[in-house]
file coords10.cif (mmCIF, N, CA, C and O atoms)
data_structure
#
loop_
_atom_site.label_atom_id
_atom_site.label_comp_id
_atom_site.auth_asym_id
_atom_site.auth_seq_id
_atom_site.Cartn_x
_atom_site.Cartn_y
_atom_site.Cartn_z
N MET O 1 -160.51 89.12 174.67
CA MET O 1 -159.61 88.48 173.72
C MET O 1 -158.22 89.10 173.85
O MET O 1 -158.08 90.31 173.89
N VAL O 2 -157.21 88.28 173.89
CA VAL O 2 -155.84 88.75 174.01
C VAL O 2 -155.35 89.19 172.63
O VAL O 2 -155.50 88.48 171.65
N GLN O 3 -154.78 90.37 172.56
CA GLN O 3 -154.23 90.88 171.31
C GLN O 3 -152.72 90.67 171.31
O GLN O 3 -152.06 90.93 172.30
N CYS O 4 -152.19 90.22 170.18
CA CYS O 4 -150.75 89.99 170.06
C CYS O 4 -150.20 90.89 168.98
O CYS O 4 -150.87 91.21 168.02
N SER O 5 -148.96 91.27 169.16
CA SER O 5 -148.31 92.08 168.12
C SER O 5 -147.99 91.19 166.93
O SER O 5 -148.02 89.98 167.02
N GLY O 6 -147.68 91.82 165.79
CA GLY O 6 -147.35 91.07 164.58
C GLY O 6 -146.22 90.11 164.80
O GLY O 6 -146.23 89.00 164.27
N GLY O 7 -145.20 90.51 165.58
CA GLY O 7 -144.07 89.63 165.83
C GLY O 7 -144.48 88.35 166.54
O GLY O 7 -144.06 87.26 166.16
N LEU O 8 -145.32 88.49 167.56
CA LEU O 8 -145.81 87.30 168.26
C LEU O 8 -146.68 86.45 167.36
O LEU O 8 -146.57 85.22 167.34
N ASP O 9 -147.55 87.11 166.60
CA ASP O 9 -148.42 86.37 165.68
C ASP O 9 -147.59 85.58 164.68
O ASP O 9 -147.86 84.40 164.43
N ASP O 10 -146.59 86.22 164.10
CA ASP O 10 -145.73 85.55 163.12
C ASP O 10 -144.99 84.37 163.76
O ASP O 10 -144.90 83.29 163.17
N SER O 11 -144.48 84.58 164.95
CA SER O 11 -143.73 83.52 165.63
C SER O 11 -144.62 82.34 165.97
O SER O 11 -144.27 81.19 165.70
N PHE O 12 -145.77 82.62 166.60
CA PHE O 12 -146.64 81.52 166.98
C PHE O 12 -147.20 80.81 165.76
O PHE O 12 -147.38 79.59 165.78
N HIS O 13 -147.47 81.55 164.68
CA HIS O 13 -147.90 80.91 163.44
C HIS O 13 -146.80 79.97 162.93
O HIS O 13 -147.06 78.83 162.57
N ALA O 14 -145.57 80.46 162.93
CA ALA O 14 -144.45 79.64 162.45
C ALA O 14 -144.27 78.41 163.34
O ALA O 14 -144.02 77.31 162.83
N LEU O 15 -144.41 78.57 164.63
CA LEU O 15 -144.19 77.46 165.56
C LEU O 15 -145.37 76.50 165.65
O LEU O 15 -145.25 75.42 166.24
N SER O 16 -146.50 76.88 165.07
CA SER O 16 -147.70 76.04 165.18
C SER O 16 -147.63 74.78 164.34
O SER O 16 -148.43 73.87 164.52
N ASP O 17 -146.67 74.72 163.43
CA ASP O 17 -146.57 73.57 162.54
C ASP O 17 -145.42 72.65 162.97
O ASP O 17 -144.30 73.10 163.20
N ARG O 18 -145.72 71.37 163.05
CA ARG O 18 -144.73 70.38 163.49
C ARG O 18 -143.50 70.35 162.58
O ARG O 18 -142.38 70.24 163.06
N THR O 19 -143.71 70.46 161.28
CA THR O 19 -142.56 70.44 160.35
C THR O 19 -141.67 71.65 160.58
O THR O 19 -140.44 71.52 160.60
N ARG O 20 -142.26 72.82 160.77
CA ARG O 20 -141.44 74.02 160.99
C ARG O 20 -140.68 73.93 162.31
O ARG O 20 -139.53 74.34 162.40
N ARG O 21 -141.31 73.36 163.34
CA ARG O 21 -140.58 73.15 164.60
C ARG O 21 -139.43 72.18 164.37
O ARG O 21 -138.33 72.37 164.90
N GLY O 22 -139.66 71.16 163.56
CA GLY O 22 -138.61 70.20 163.24
C GLY O 22 -137.46 70.85 162.47
O GLY O 22 -136.29 70.54 162.70
N ILE O 23 -137.80 71.76 161.57
CA ILE O 23 -136.76 72.48 160.82
C ILE O 23 -135.90 73.29 161.78
O ILE O 23 -134.67 73.28 161.69
N LEU O 24 -136.53 73.97 162.72
CA LEU O 24 -135.76 74.75 163.71
C LEU O 24 -134.85 73.83 164.53
O LEU O 24 -133.69 74.17 164.78
N GLU O 25 -135.37 72.69 164.95
CA GLU O 25 -134.55 71.76 165.72
C GLU O 25 -133.37 71.27 164.89
O GLU O 25 -132.24 71.20 165.39
N ARG O 26 -133.63 70.96 163.63
CA ARG O 26 -132.55 70.49 162.76
C ARG O 26 -131.50 71.57 162.56
O ARG O 26 -130.30 71.32 162.63
N LEU O 27 -131.95 72.82 162.33
CA LEU O 27 -131.00 73.92 162.13
C LEU O 27 -130.25 74.26 163.41
O LEU O 27 -129.18 74.85 163.36
N GLY O 28 -130.80 73.89 164.54
CA GLY O 28 -130.10 74.07 165.81
C GLY O 28 -128.82 73.25 165.88
O GLY O 28 -127.90 73.56 166.63
N ARG O 29 -128.76 72.20 165.09
CA ARG O 29 -127.55 71.36 165.04
C ARG O 29 -126.56 71.84 163.98
O ARG O 29 -125.45 71.35 163.92
N GLY O 30 -127.00 72.78 163.13
CA GLY O 30 -126.12 73.31 162.10
C GLY O 30 -126.89 73.67 160.84
O GLY O 30 -128.01 73.23 160.65
N GLU O 31 -126.26 74.47 160.01
CA GLU O 31 -126.91 74.92 158.78
C GLU O 31 -127.19 73.73 157.86
O GLU O 31 -126.58 72.67 157.98
N ALA O 32 -128.14 73.95 156.94
CA ALA O 32 -128.50 72.90 155.97
C ALA O 32 -129.07 73.57 154.73
O ALA O 32 -129.64 74.66 154.80
N SER O 33 -128.91 72.90 153.62
CA SER O 33 -129.49 73.41 152.38
C SER O 33 -130.98 73.06 152.33
O SER O 33 -131.44 72.16 153.05
N ILE O 34 -131.70 73.76 151.47
CA ILE O 34 -133.12 73.45 151.26
C ILE O 34 -133.26 71.99 150.83
O ILE O 34 -134.13 71.28 151.32
N SER O 35 -132.37 71.54 149.96
CA SER O 35 -132.43 70.15 149.47
C SER O 35 -132.23 69.15 150.61
O SER O 35 -132.94 68.14 150.70
N GLU O 36 -131.26 69.43 151.49
CA GLU O 36 -131.02 68.53 152.63
C GLU O 36 -132.24 68.48 153.55
O GLU O 36 -132.63 67.41 154.02
N LEU O 37 -132.82 69.65 153.80
CA LEU O 37 -134.00 69.69 154.66
C LEU O 37 -135.18 68.96 154.02
O LEU O 37 -135.89 68.22 154.69
N ALA O 38 -135.37 69.18 152.72
CA ALA O 38 -136.47 68.52 152.02
C ALA O 38 -136.31 67.00 152.09
O ALA O 38 -137.28 66.27 152.33
N GLU O 39 -135.10 66.52 151.92
CA GLU O 39 -134.83 65.08 152.00
C GLU O 39 -135.08 64.57 153.42
O GLU O 39 -135.71 63.54 153.63
N HIS O 40 -134.59 65.32 154.40
CA HIS O 40 -134.75 64.93 155.81
C HIS O 40 -136.23 64.82 156.19
O HIS O 40 -136.62 63.91 156.93
N PHE O 41 -137.06 65.75 155.69
CA PHE O 41 -138.47 65.77 156.05
C PHE O 41 -139.35 65.08 155.00
O PHE O 41 -140.57 65.12 155.11
N ASP O 42 -138.70 64.44 154.00
CA ASP O 42 -139.42 63.71 152.96
C ASP O 42 -140.50 64.59 152.33
O ASP O 42 -141.67 64.23 152.26
N MET O 43 -140.06 65.77 151.88
CA MET O 43 -140.97 66.75 151.26
C MET O 43 -140.42 67.18 149.91
O MET O 43 -139.23 67.02 149.64
N THR O 44 -141.28 67.78 149.13
CA THR O 44 -140.82 68.38 147.88
C THR O 44 -140.06 69.65 148.20
O THR O 44 -140.24 70.26 149.28
N LEU O 45 -139.22 70.09 147.28
CA LEU O 45 -138.50 71.35 147.46
C LEU O 45 -139.48 72.51 147.62
O LEU O 45 -139.28 73.39 148.47
N THR O 46 -140.53 72.52 146.81
CA THR O 46 -141.52 73.60 146.87
C THR O 46 -142.19 73.65 148.24
O THR O 46 -142.35 74.72 148.83
N GLY O 47 -142.58 72.50 148.77
CA GLY O 47 -143.22 72.45 150.08
C GLY O 47 -142.29 72.93 151.18
O GLY O 47 -142.68 73.70 152.06
N LEU O 48 -141.04 72.49 151.11
CA LEU O 48 -140.08 72.90 152.13
C LEU O 48 -139.79 74.39 152.05
O LEU O 48 -139.71 75.07 153.07
N LYS O 49 -139.69 74.92 150.84
CA LYS O 49 -139.45 76.36 150.67
C LYS O 49 -140.56 77.18 151.29
O LYS O 49 -140.31 78.24 151.87
N LYS O 50 -141.80 76.71 151.20
CA LYS O 50 -142.93 77.43 151.82
C LYS O 50 -142.78 77.45 153.33
O LYS O 50 -143.02 78.49 153.97
N HIS O 51 -142.38 76.34 153.92
CA HIS O 51 -142.17 76.31 155.36
C HIS O 51 -141.03 77.25 155.76
O HIS O 51 -141.14 78.00 156.74
N VAL O 52 -139.95 77.22 155.02
CA VAL O 52 -138.80 78.09 155.32
C VAL O 52 -139.20 79.55 155.17
O VAL O 52 -138.79 80.40 155.97
N SER O 53 -140.04 79.86 154.21
CA SER O 53 -140.50 81.24 154.01
C SER O 53 -141.26 81.74 155.24
O SER O 53 -141.08 82.88 155.67
N VAL O 54 -142.12 80.90 155.81
CA VAL O 54 -142.86 81.28 157.02
C VAL O 54 -141.89 81.52 158.17
O VAL O 54 -142.02 82.50 158.93
N LEU O 55 -140.90 80.65 158.31
CA LEU O 55 -139.90 80.81 159.37
C LEU O 55 -139.06 82.07 159.15
O LEU O 55 -138.71 82.76 160.11
N GLU O 56 -138.74 82.38 157.90
CA GLU O 56 -137.99 83.60 157.58
C GLU O 56 -138.80 84.84 157.94
O GLU O 56 -138.26 85.80 158.50
N GLN O 57 -140.08 84.83 157.59
CA GLN O 57 -140.94 85.97 157.89
C GLN O 57 -140.99 86.26 159.38
O GLN O 57 -141.05 87.41 159.80
N ALA O 58 -140.92 85.21 160.19
CA ALA O 58 -140.93 85.37 161.65
C ALA O 58 -139.54 85.70 162.20
O ALA O 58 -139.40 85.94 163.39
N GLY O 59 -138.52 85.71 161.35
CA GLY O 59 -137.16 86.01 161.79
C GLY O 59 -136.47 84.85 162.48
O GLY O 59 -135.43 85.01 163.10
N LEU O 60 -137.05 83.66 162.35
CA LEU O 60 -136.50 82.49 163.03
C LEU O 60 -135.45 81.76 162.19
O LEU O 60 -134.67 80.98 162.71
N VAL O 61 -135.46 82.02 160.88
CA VAL O 61 -134.53 81.39 159.95
C VAL O 61 -134.04 82.44 158.98
O VAL O 61 -134.78 83.35 158.61
N THR O 62 -132.80 82.33 158.56
CA THR O 62 -132.27 83.15 157.47
C THR O 62 -131.77 82.20 156.39
O THR O 62 -131.39 81.06 156.68
N THR O 63 -131.81 82.68 155.16
CA THR O 63 -131.27 81.88 154.06
C THR O 63 -130.29 82.72 153.27
O THR O 63 -130.36 83.95 153.28
N GLU O 64 -129.38 82.02 152.63
CA GLU O 64 -128.37 82.68 151.82
C GLU O 64 -128.11 81.81 150.60
O GLU O 64 -127.95 80.59 150.72
N LYS O 65 -128.09 82.44 149.44
CA LYS O 65 -127.81 81.71 148.20
C LYS O 65 -126.30 81.61 148.04
O LYS O 65 -125.59 82.61 148.01
N VAL O 66 -125.79 80.39 147.96
CA VAL O 66 -124.37 80.13 147.76
C VAL O 66 -124.27 79.30 146.49
O VAL O 66 -124.57 78.10 146.51
N GLY O 67 -123.88 79.96 145.41
CA GLY O 67 -123.88 79.28 144.12
C GLY O 67 -125.30 78.94 143.72
O GLY O 67 -126.17 79.81 143.68
N ARG O 68 -125.56 77.66 143.50
CA ARG O 68 -126.91 77.22 143.15
C ARG O 68 -127.67 76.67 144.35
O ARG O 68 -128.77 76.16 144.21
N THR O 69 -127.07 76.77 145.51
CA THR O 69 -127.65 76.18 146.72
C THR O 69 -128.13 77.28 147.67
O THR O 69 -127.45 78.28 147.87
N ARG O 70 -129.32 77.08 148.25
CA ARG O 70 -129.82 78.00 149.26
C ARG O 70 -129.59 77.36 150.62
O ARG O 70 -130.10 76.28 150.92
N ILE O 71 -128.76 78.03 151.44
CA ILE O 71 -128.39 77.54 152.77
C ILE O 71 -129.29 78.19 153.83
O ILE O 71 -129.52 79.40 153.80
N CYS O 72 -129.77 77.39 154.77
CA CYS O 72 -130.63 77.86 155.85
C CYS O 72 -129.86 77.81 157.17
O CYS O 72 -129.12 76.87 157.43
N ARG O 73 -130.08 78.83 157.98
CA ARG O 73 -129.49 78.92 159.32
C ARG O 73 -130.55 79.44 160.28
O ARG O 73 -131.52 80.08 159.85
N LEU O 74 -130.33 79.23 161.56
CA LEU O 74 -131.21 79.86 162.54
C LEU O 74 -131.12 81.36 162.39
O LEU O 74 -130.04 81.90 162.15
N GLY O 75 -132.23 82.05 162.57
CA GLY O 75 -132.28 83.49 162.40
C GLY O 75 -131.93 84.24 163.66
O GLY O 75 -131.58 83.65 164.69
N PRO O 76 -132.06 85.56 163.61
CA PRO O 76 -131.66 86.41 164.72
C PRO O 76 -132.63 86.40 165.91
O PRO O 76 -132.24 86.73 167.02
N ARG O 77 -133.88 86.01 165.71
CA ARG O 77 -134.86 86.06 166.80
C ARG O 77 -134.61 84.93 167.77
O ARG O 77 -134.38 83.79 167.38
N ARG O 78 -134.67 85.24 169.05
CA ARG O 78 -134.42 84.24 170.09
C ARG O 78 -135.65 83.94 170.93
O ARG O 78 -135.56 83.35 171.99
N LEU O 79 -136.82 84.39 170.48
CA LEU O 79 -138.10 84.10 171.12
C LEU O 79 -138.23 84.67 172.54
O LEU O 79 -138.99 84.14 173.35
N ASP O 80 -137.53 85.75 172.83
CA ASP O 80 -137.65 86.38 174.15
C ASP O 80 -139.05 86.91 174.40
O ASP O 80 -139.61 86.72 175.49
N ASP O 81 -139.64 87.59 173.42
CA ASP O 81 -141.00 88.13 173.58
C ASP O 81 -142.01 87.00 173.76
O ASP O 81 -142.94 87.10 174.57
N GLU O 82 -141.83 85.92 173.01
CA GLU O 82 -142.74 84.79 173.10
C GLU O 82 -142.64 84.11 174.46
O GLU O 82 -143.65 83.75 175.06
N THR O 83 -141.42 83.96 174.95
CA THR O 83 -141.21 83.36 176.27
C THR O 83 -141.85 84.22 177.36
O THR O 83 -142.48 83.70 178.29
N ALA O 84 -141.71 85.53 177.25
CA ALA O 84 -142.31 86.44 178.23
C ALA O 84 -143.84 86.35 178.19
O ALA O 84 -144.50 86.34 179.23
N TRP O 85 -144.42 86.27 176.98
CA TRP O 85 -145.87 86.16 176.85
C TRP O 85 -146.36 84.87 177.50
O TRP O 85 -147.35 84.86 178.24
N ILE O 86 -145.67 83.77 177.23
CA ILE O 86 -146.05 82.48 177.80
C ILE O 86 -145.95 82.53 179.33
O ILE O 86 -146.82 82.02 180.03
N ALA O 87 -144.92 83.17 179.85
CA ALA O 87 -144.75 83.28 181.31
C ALA O 87 -145.89 84.08 181.92
O ALA O 87 -146.43 83.70 182.97
N ARG O 88 -146.28 85.19 181.28
CA ARG O 88 -147.41 85.99 181.79
C ARG O 88 -148.70 85.18 181.76
O ARG O 88 -149.50 85.22 182.70
N TYR O 89 -148.90 84.44 180.68
CA TYR O 89 -150.11 83.62 180.54
C TYR O 89 -150.13 82.52 181.61
O TYR O 89 -151.15 82.27 182.25
N ARG O 90 -148.98 81.89 181.84
CA ARG O 90 -148.88 80.85 182.87
C ARG O 90 -149.18 81.44 184.24
O ARG O 90 -149.92 80.84 185.04
N ASP O 91 -148.64 82.62 184.54
CA ASP O 91 -148.89 83.27 185.83
C ASP O 91 -150.38 83.54 186.01
O ASP O 91 -150.93 83.34 187.10
N MET O 92 -151.03 84.00 184.93
CA MET O 92 -152.47 84.29 185.01
C MET O 92 -153.25 83.00 185.30
O MET O 92 -154.12 82.98 186.17
N LEU O 93 -152.92 81.93 184.60
CA LEU O 93 -153.62 80.66 184.83
C LEU O 93 -153.38 80.12 186.23
O LEU O 93 -154.30 79.62 186.88
N GLU O 94 -152.15 80.22 186.70
CA GLU O 94 -151.84 79.73 188.05
C GLU O 94 -152.58 80.54 189.10
O GLU O 94 -153.07 79.98 190.08
N ALA O 95 -152.71 81.85 188.88
CA ALA O 95 -153.45 82.69 189.82
C ALA O 95 -154.93 82.28 189.84
O ALA O 95 -155.55 82.21 190.91
N ARG O 96 -155.49 81.98 188.69
CA ARG O 96 -156.89 81.55 188.63
C ARG O 96 -157.07 80.21 189.34
O ARG O 96 -158.05 80.00 190.06
N LEU O 97 -156.13 79.29 189.13
CA LEU O 97 -156.23 78.00 189.80
C LEU O 97 -156.06 78.14 191.30
O LEU O 97 -156.73 77.44 192.08
N ASP O 98 -155.19 79.05 191.73
CA ASP O 98 -155.02 79.32 193.17
C ASP O 98 -156.34 79.84 193.76
O ASP O 98 -156.74 79.40 194.84
N ARG O 99 -156.99 80.77 193.05
CA ARG O 99 -158.28 81.31 193.55
C ARG O 99 -159.33 80.21 193.61
O ARG O 99 -160.12 80.15 194.54
N LEU O 100 -159.35 79.33 192.61
CA LEU O 100 -160.29 78.21 192.62
C LEU O 100 -160.01 77.30 193.81
O LEU O 100 -160.94 76.87 194.51
N GLY O 101 -158.73 77.01 194.05
CA GLY O 101 -158.37 76.17 195.19
C GLY O 101 -158.80 76.79 196.51
O GLY O 101 -159.33 76.09 197.39
N GLU O 102 -158.61 78.10 196.64
CA GLU O 102 -159.04 78.80 197.86
C GLU O 102 -160.55 78.74 198.01
O GLU O 102 -161.07 78.49 199.10
N PHE O 103 -161.27 78.95 196.91
CA PHE O 103 -162.73 78.88 196.95
C PHE O 103 -163.20 77.49 197.38
O PHE O 103 -164.07 77.35 198.24
N LEU O 104 -162.61 76.46 196.78
CA LEU O 104 -163.01 75.10 197.13
C LEU O 104 -162.69 74.78 198.59
O LEU O 104 -163.46 74.11 199.27
N GLU O 105 -161.55 75.25 199.06
CA GLU O 105 -161.17 75.04 200.47
C GLU O 105 -162.13 75.74 201.40
O GLU O 105 -162.54 75.19 202.43
N ASN O 106 -162.51 76.97 201.04
CA ASN O 106 -163.42 77.75 201.90
C ASN O 106 -164.85 77.22 201.90
O ASN O 106 -165.60 77.47 202.84
N THR O 107 -165.25 76.52 200.85
CA THR O 107 -166.62 76.02 200.76
C THR O 107 -166.69 74.50 200.99
O THR O 107 -167.72 73.90 200.72
N LYS O 108 -165.66 73.94 201.51
CA LYS O 108 -165.55 72.47 201.65
C LYS O 108 -166.69 71.89 202.48
O LYS O 108 -167.29 70.90 202.08
N GLY O 109 -167.00 72.42 203.60
CA GLY O 109 -167.99 71.84 204.50
C GLY O 109 -169.40 72.36 204.28
O GLY O 109 -170.33 71.92 204.94
N GLU O 110 -169.59 73.27 203.39
CA GLU O 110 -170.92 73.89 203.18
C GLU O 110 -171.76 73.02 202.28
O GLU O 110 -171.40 72.68 201.17
N ARG O 111 -172.93 72.63 202.78
CA ARG O 111 -173.91 71.89 201.97
C ARG O 111 -175.27 72.11 202.52
O ARG O 111 -175.63 72.13 203.58
#

call {"tool": "encode", "arguments": {"input": "coords10.cif", "output": "structure tokens"}}
result
Amino acid sequence: MVQCSGGLDDSFHALSDRTRRGILERLGRGEASISELAEHFDMTLTGLKKHVSVLEQAGLVTTEKVGRTRICRLGPRRLDDETAWIARYRDMLEARLDRLGEFLENTKGER
């Protein structure tokens, strides 16, 4: 079993939800208030706040209270560790497929 650090676990948990990925994409175009995001995703404020909280915990989003409005922005994390993990995993899978291909090629005529 592959073990992941808390940072990777938090990031992959945050990214596992379609709405949270959509929030990140939306914030990539510019900051937005919780109300704007809730309207965009047709969600209640409470539901949207829960999604933003998960993204904040992973460091992918930051929020700031401006008057009575909570503004959301992309956070400081740039997913470098996650990208590296995915690349290592892809390399491992490709190596396994290469070995399978070699095995099949070597046993092609044997019956």

call {"tool": "axis_aligned_box", "arguments": {"input": "coords10.cif", "around": "stretch 41-51 of chain O", "padding_each_side": "4 Å", "output": "JSON"}}
result
{"center_x": -140.1, "center_y": 71.1, "center_z": 151.8, "size_x": 14.2, "size_y": 22.8, "size_z": 17.9}

call {"tool": "closest_residue", "arguments": {"input": "coords10.cif", "among": "O:Ala32, O:Ala38, O:Leu8, O:Leu48", "to": "O:Glu82", "atoms": "only N, CA, C and O atoms"}}
result
O:Leu8

call {"tool": "resolve_selection", "arguments": {"input": "coords10.cif", "expression": "the PyMOL selection byres ((chain O and resi 33) around 8)", "output": "ChimeraX atom specification"}}
result
/O:30-32,34-40,64,69-73

call {"tool": "atom_distance", "arguments": {"input": "coords10.cif", "atom1": "atom C of O:Gly75", "atom2": "atom CA of O:Ala87"}}
result
21.8 Å

call {"tool": "atom_distance", "arguments": {"input": "coords10.cif", "atom1": "atom O of O:Lys49", "atom2": "atom O of O:Arg78"}}
result
21.3 Å

call {"tool": "atom_distance", "arguments": {"input": "coords10.cif", "atom1": "atom CA of O:Ser11", "atom2": "atom CA of O:Glu56"}}
result
9.9 Å

call {"tool": "closest_residue", "arguments": {"input": "coords10.cif", "among": "O:Leu24, O:Thr107, O:Asp80, O:Thr44", "to": "O:Val61", "atoms": "all atoms listed in the file"}}
result
O:Leu24

call {"tool": "resolve_selection", "arguments": {"input": "coords10.cif", "expression": "the PyMOL selection byres (((chain O and resi 14 and name CA) around 10) and name CA)", "output": "PDB file with N, CA, C and O atoms, in the coordinates of the input"}}
result
ATOM      1  N   LEU O   8    -145.320  88.490 167.560  1.00  0.00           N
ATOM      2  CA  LEU O   8    -145.810  87.300 168.260  1.00  0.00           C
ATOM      3  C   LEU O   8    -146.680  86.450 167.360  1.00  0.00           C
ATOM      4  O   LEU O   8    -146.570  85.220 167.340  1.00  0.00           O
ATOM      5  N   ASP O   9    -147.550  87.110 166.600  1.00  0.00           N
ATOM      6  CA  ASP O   9    -148.420  86.370 165.680  1.00  0.00           C
ATOM      7  C   ASP O   9    -147.590  85.580 164.680  1.00  0.00           C
ATOM      8  O   ASP O   9    -147.860  84.400 164.430  1.00  0.00           O
ATOM      9  N   ASP O  10    -146.590  86.220 164.100  1.00  0.00           N
ATOM     10  CA  ASP O  10    -145.730  85.550 163.120  1.00  0.00           C
ATOM     11  C   ASP O  10    -144.990  84.370 163.760  1.00  0.00           C
ATOM     12  O   ASP O  10    -144.900  83.290 163.170  1.00  0.00           O
ATOM     13  N   SER O  11    -144.480  84.580 164.950  1.00  0.00           N
ATOM     14  CA  SER O  11    -143.730  83.520 165.630  1.00  0.00           C
ATOM     15  C   SER O  11    -144.620  82.340 165.970  1.00  0.00           C
ATOM     16  O   SER O  11    -144.270  81.190 165.700  1.00  0.00           O
ATOM     17  N   PHE O  12    -145.770  82.620 166.600  1.00  0.00           N
ATOM     18  CA  PHE O  12    -146.640  81.520 166.980  1.00  0.00           C
ATOM     19  C   PHE O  12    -147.200  80.810 165.760  1.00  0.00           C
ATOM     20  O   PHE O  12    -147.380  79.590 165.780  1.00  0.00           O
ATOM     21  N   HIS O  13    -147.470  81.550 164.680  1.00  0.00           N
ATOM     22  CA  HIS O  13    -147.900  80.910 163.440  1.00  0.00           C
ATOM     23  C   HIS O  13    -146.800  79.970 162.930  1.00  0.00           C
ATOM     24  O   HIS O  13    -147.060  78.830 162.570  1.00  0.00           O
ATOM     25  N   LEU O  15    -144.410  78.570 164.630  1.00  0.00           N
ATOM     26  CA  LEU O  15    -144.190  77.460 165.560  1.00  0.00           C
ATOM     27  C   LEU O  15    -145.370  76.500 165.650  1.00  0.00           C
ATOM     28  O   LEU O  15    -145.250  75.420 166.240  1.00  0.00           O
ATOM     29  N   SER O  16    -146.500  76.880 165.070  1.00  0.00           N
ATOM     30  CA  SER O  16    -147.700  76.040 165.180  1.00  0.00           C
ATOM     31  C   SER O  16    -147.630  74.780 164.340  1.00  0.00           C
ATOM     32  O   SER O  16    -148.430  73.870 164.520  1.00  0.00           O
ATOM     33  N   ASP O  17    -146.670  74.720 163.430  1.00  0.00           N
ATOM     34  CA  ASP O  17    -146.570  73.570 162.540  1.00  0.00           C
ATOM     35  C   ASP O  17    -145.420  72.650 162.970  1.00  0.00           C
ATOM     36  O   ASP O  17    -144.300  73.100 163.200  1.00  0.00           O
ATOM     37  N   ARG O  18    -145.720  71.370 163.050  1.00  0.00           N
ATOM     38  CA  ARG O  18    -144.730  70.380 163.490  1.00  0.00           C
ATOM     39  C   ARG O  18    -143.500  70.350 162.580  1.00  0.00           C
ATOM     40  O   ARG O  18    -142.380  70.240 163.060  1.00  0.00           O
ATOM     41  N   THR O  19    -143.710  70.460 161.280  1.00  0.00           N
ATOM     42  CA  THR O  19    -142.560  70.440 160.350  1.00  0.00           C
ATOM     43  C   THR O  19    -141.670  71.650 160.580  1.00  0.00           C
ATOM     44  O   THR O  19    -140.440  71.520 160.600  1.00  0.00           O
ATOM     45  N   ARG O  20    -142.260  72.820 160.770  1.00  0.00           N
ATOM     46  CA  ARG O  20    -141.440  74.020 160.990  1.00  0.00           C
ATOM     47  C   ARG O  20    -140.680  73.930 162.310  1.00  0.00           C
ATOM     48  O   ARG O  20    -139.530  74.340 162.400  1.00  0.00           O
ATOM     49  N   ARG O  21    -141.310  73.360 163.340  1.00  0.00           N
ATOM     50  CA  ARG O  21    -140.580  73.150 164.600  1.00  0.00           C
ATOM     51  C   ARG O  21    -139.430  72.180 164.370  1.00  0.00           C
ATOM     52  O   ARG O  21    -138.330  72.370 164.900  1.00  0.00           O
ATOM     53  N   HIS O  51    -142.380  76.340 153.920  1.00  0.00           N
ATOM     54  CA  HIS O  51    -142.170  76.310 155.360  1.00  0.00           C
ATOM     55  C   HIS O  51    -141.030  77.250 155.760  1.00  0.00           C
ATOM     56  O   HIS O  51    -141.140  78.000 156.740  1.00  0.00           O
ATOM     57  N   VAL O  52    -139.950  77.220 155.020  1.00  0.00           N
ATOM     58  CA  VAL O  52    -138.800  78.090 155.320  1.00  0.00           C
ATOM     59  C   VAL O  52    -139.200  79.550 155.170  1.00  0.00           C
ATOM     60  O   VAL O  52    -138.790  80.400 155.970  1.00  0.00           O
ATOM     61  N   SER O  53    -140.040  79.860 154.210  1.00  0.00           N
ATOM     62  CA  SER O  53    -140.500  81.240 154.010  1.00  0.00           C
ATOM     63  C   SER O  53    -141.260  81.740 155.240  1.00  0.00           C
ATOM     64  O   SER O  53    -141.080  82.880 155.670  1.00  0.00           O
ATOM     65  N   VAL O  54    -142.120  80.900 155.810  1.00  0.00           N
ATOM     66  CA  VAL O  54    -142.860  81.280 157.020  1.00  0.00           C
ATOM     67  C   VAL O  54    -141.890  81.520 158.170  1.00  0.00           C
ATOM     68  O   VAL O  54    -142.020  82.500 158.930  1.00  0.00           O
ATOM     69  N   LEU O  55    -140.900  80.650 158.310  1.00  0.00           N
ATOM     70  CA  LEU O  55    -139.900  80.810 159.370  1.00  0.00           C
ATOM     71  C   LEU O  55    -139.060  82.070 159.150  1.00  0.00           C
ATOM     72  O   LEU O  55    -138.710  82.760 160.110  1.00  0.00           O
ATOM     73  N   GLU O  56    -138.740  82.380 157.900  1.00  0.00           N
ATOM     74  CA  GLU O  56    -137.990  83.600 157.580  1.00  0.00           C
ATOM     75  C   GLU O  56    -138.800  84.840 157.940  1.00  0.00           C
ATOM     76  O   GLU O  56    -138.260  85.800 158.500  1.00  0.00           O
ATOM     77  N   GLN O  57    -140.080  84.830 157.590  1.00  0.00           N
ATOM     78  CA  GLN O  57    -140.940  85.970 157.890  1.00  0.00           C
ATOM     79  C   GLN O  57    -140.990  86.260 159.380  1.00  0.00           C
ATOM     80  O   GLN O  57    -141.050  87.410 159.800  1.00  0.00           O
ATOM     81  N   ALA O  58    -140.920  85.210 160.190  1.00  0.00           N
ATOM     82  CA  ALA O  58    -140.930  85.370 161.650  1.00  0.00           C
ATOM     83  C   ALA O  58    -139.540  85.700 162.200  1.00  0.00           C
ATOM     84  O   ALA O  58    -139.400  85.940 163.390  1.00  0.00           O
ATOM     85  N   GLY O  59    -138.520  85.710 161.350  1.00  0.00           N
ATOM     86  CA  GLY O  59    -137.160  86.010 161.790  1.00  0.00           C
ATOM     87  C   GLY O  59    -136.470  84.850 162.480  1.00  0.00           C
ATOM     88  O   GLY O  59    -135.430  85.010 163.100  1.00  0.00           O
ATOM     89  N   LEU O  60    -137.050  83.660 162.350  1.00  0.00           N
ATOM     90  CA  LEU O  60    -136.500  82.490 163.030  1.00  0.00           C
ATOM     91  C   LEU O  60    -135.450  81.760 162.190  1.00  0.00           C
ATOM     92  O   LEU O  60    -134.670  80.980 162.710  1.00  0.00           O
TER      93      LEU O  60
END

call {"tool": "select_by_dssp", "arguments": {"input": "coords10.cif", "residues": "chain O", "states": "helix (DSSP H, G or I)", "output": "PyMOL selection string"}}
result
chain O and resi 6-15+18-28+34-40+45-57+80-106

call {"tool": "select_by_dssp", "arguments": {"input": "coords10.cif", "residues": "chain O", "states": "strand (DSSP E)", "output": "number ranges by chain"}}
result
O: 32-33, 61-66, 69-74

call {"tool": "closest_residue", "arguments": {"input": "coords10.cif", "among": "O:Glu110, O:Thr62, O:Gly47, O:Asp91", "to": "O:Leu74", "atoms": "all atoms listed in the file"}}
result
O:Thr62
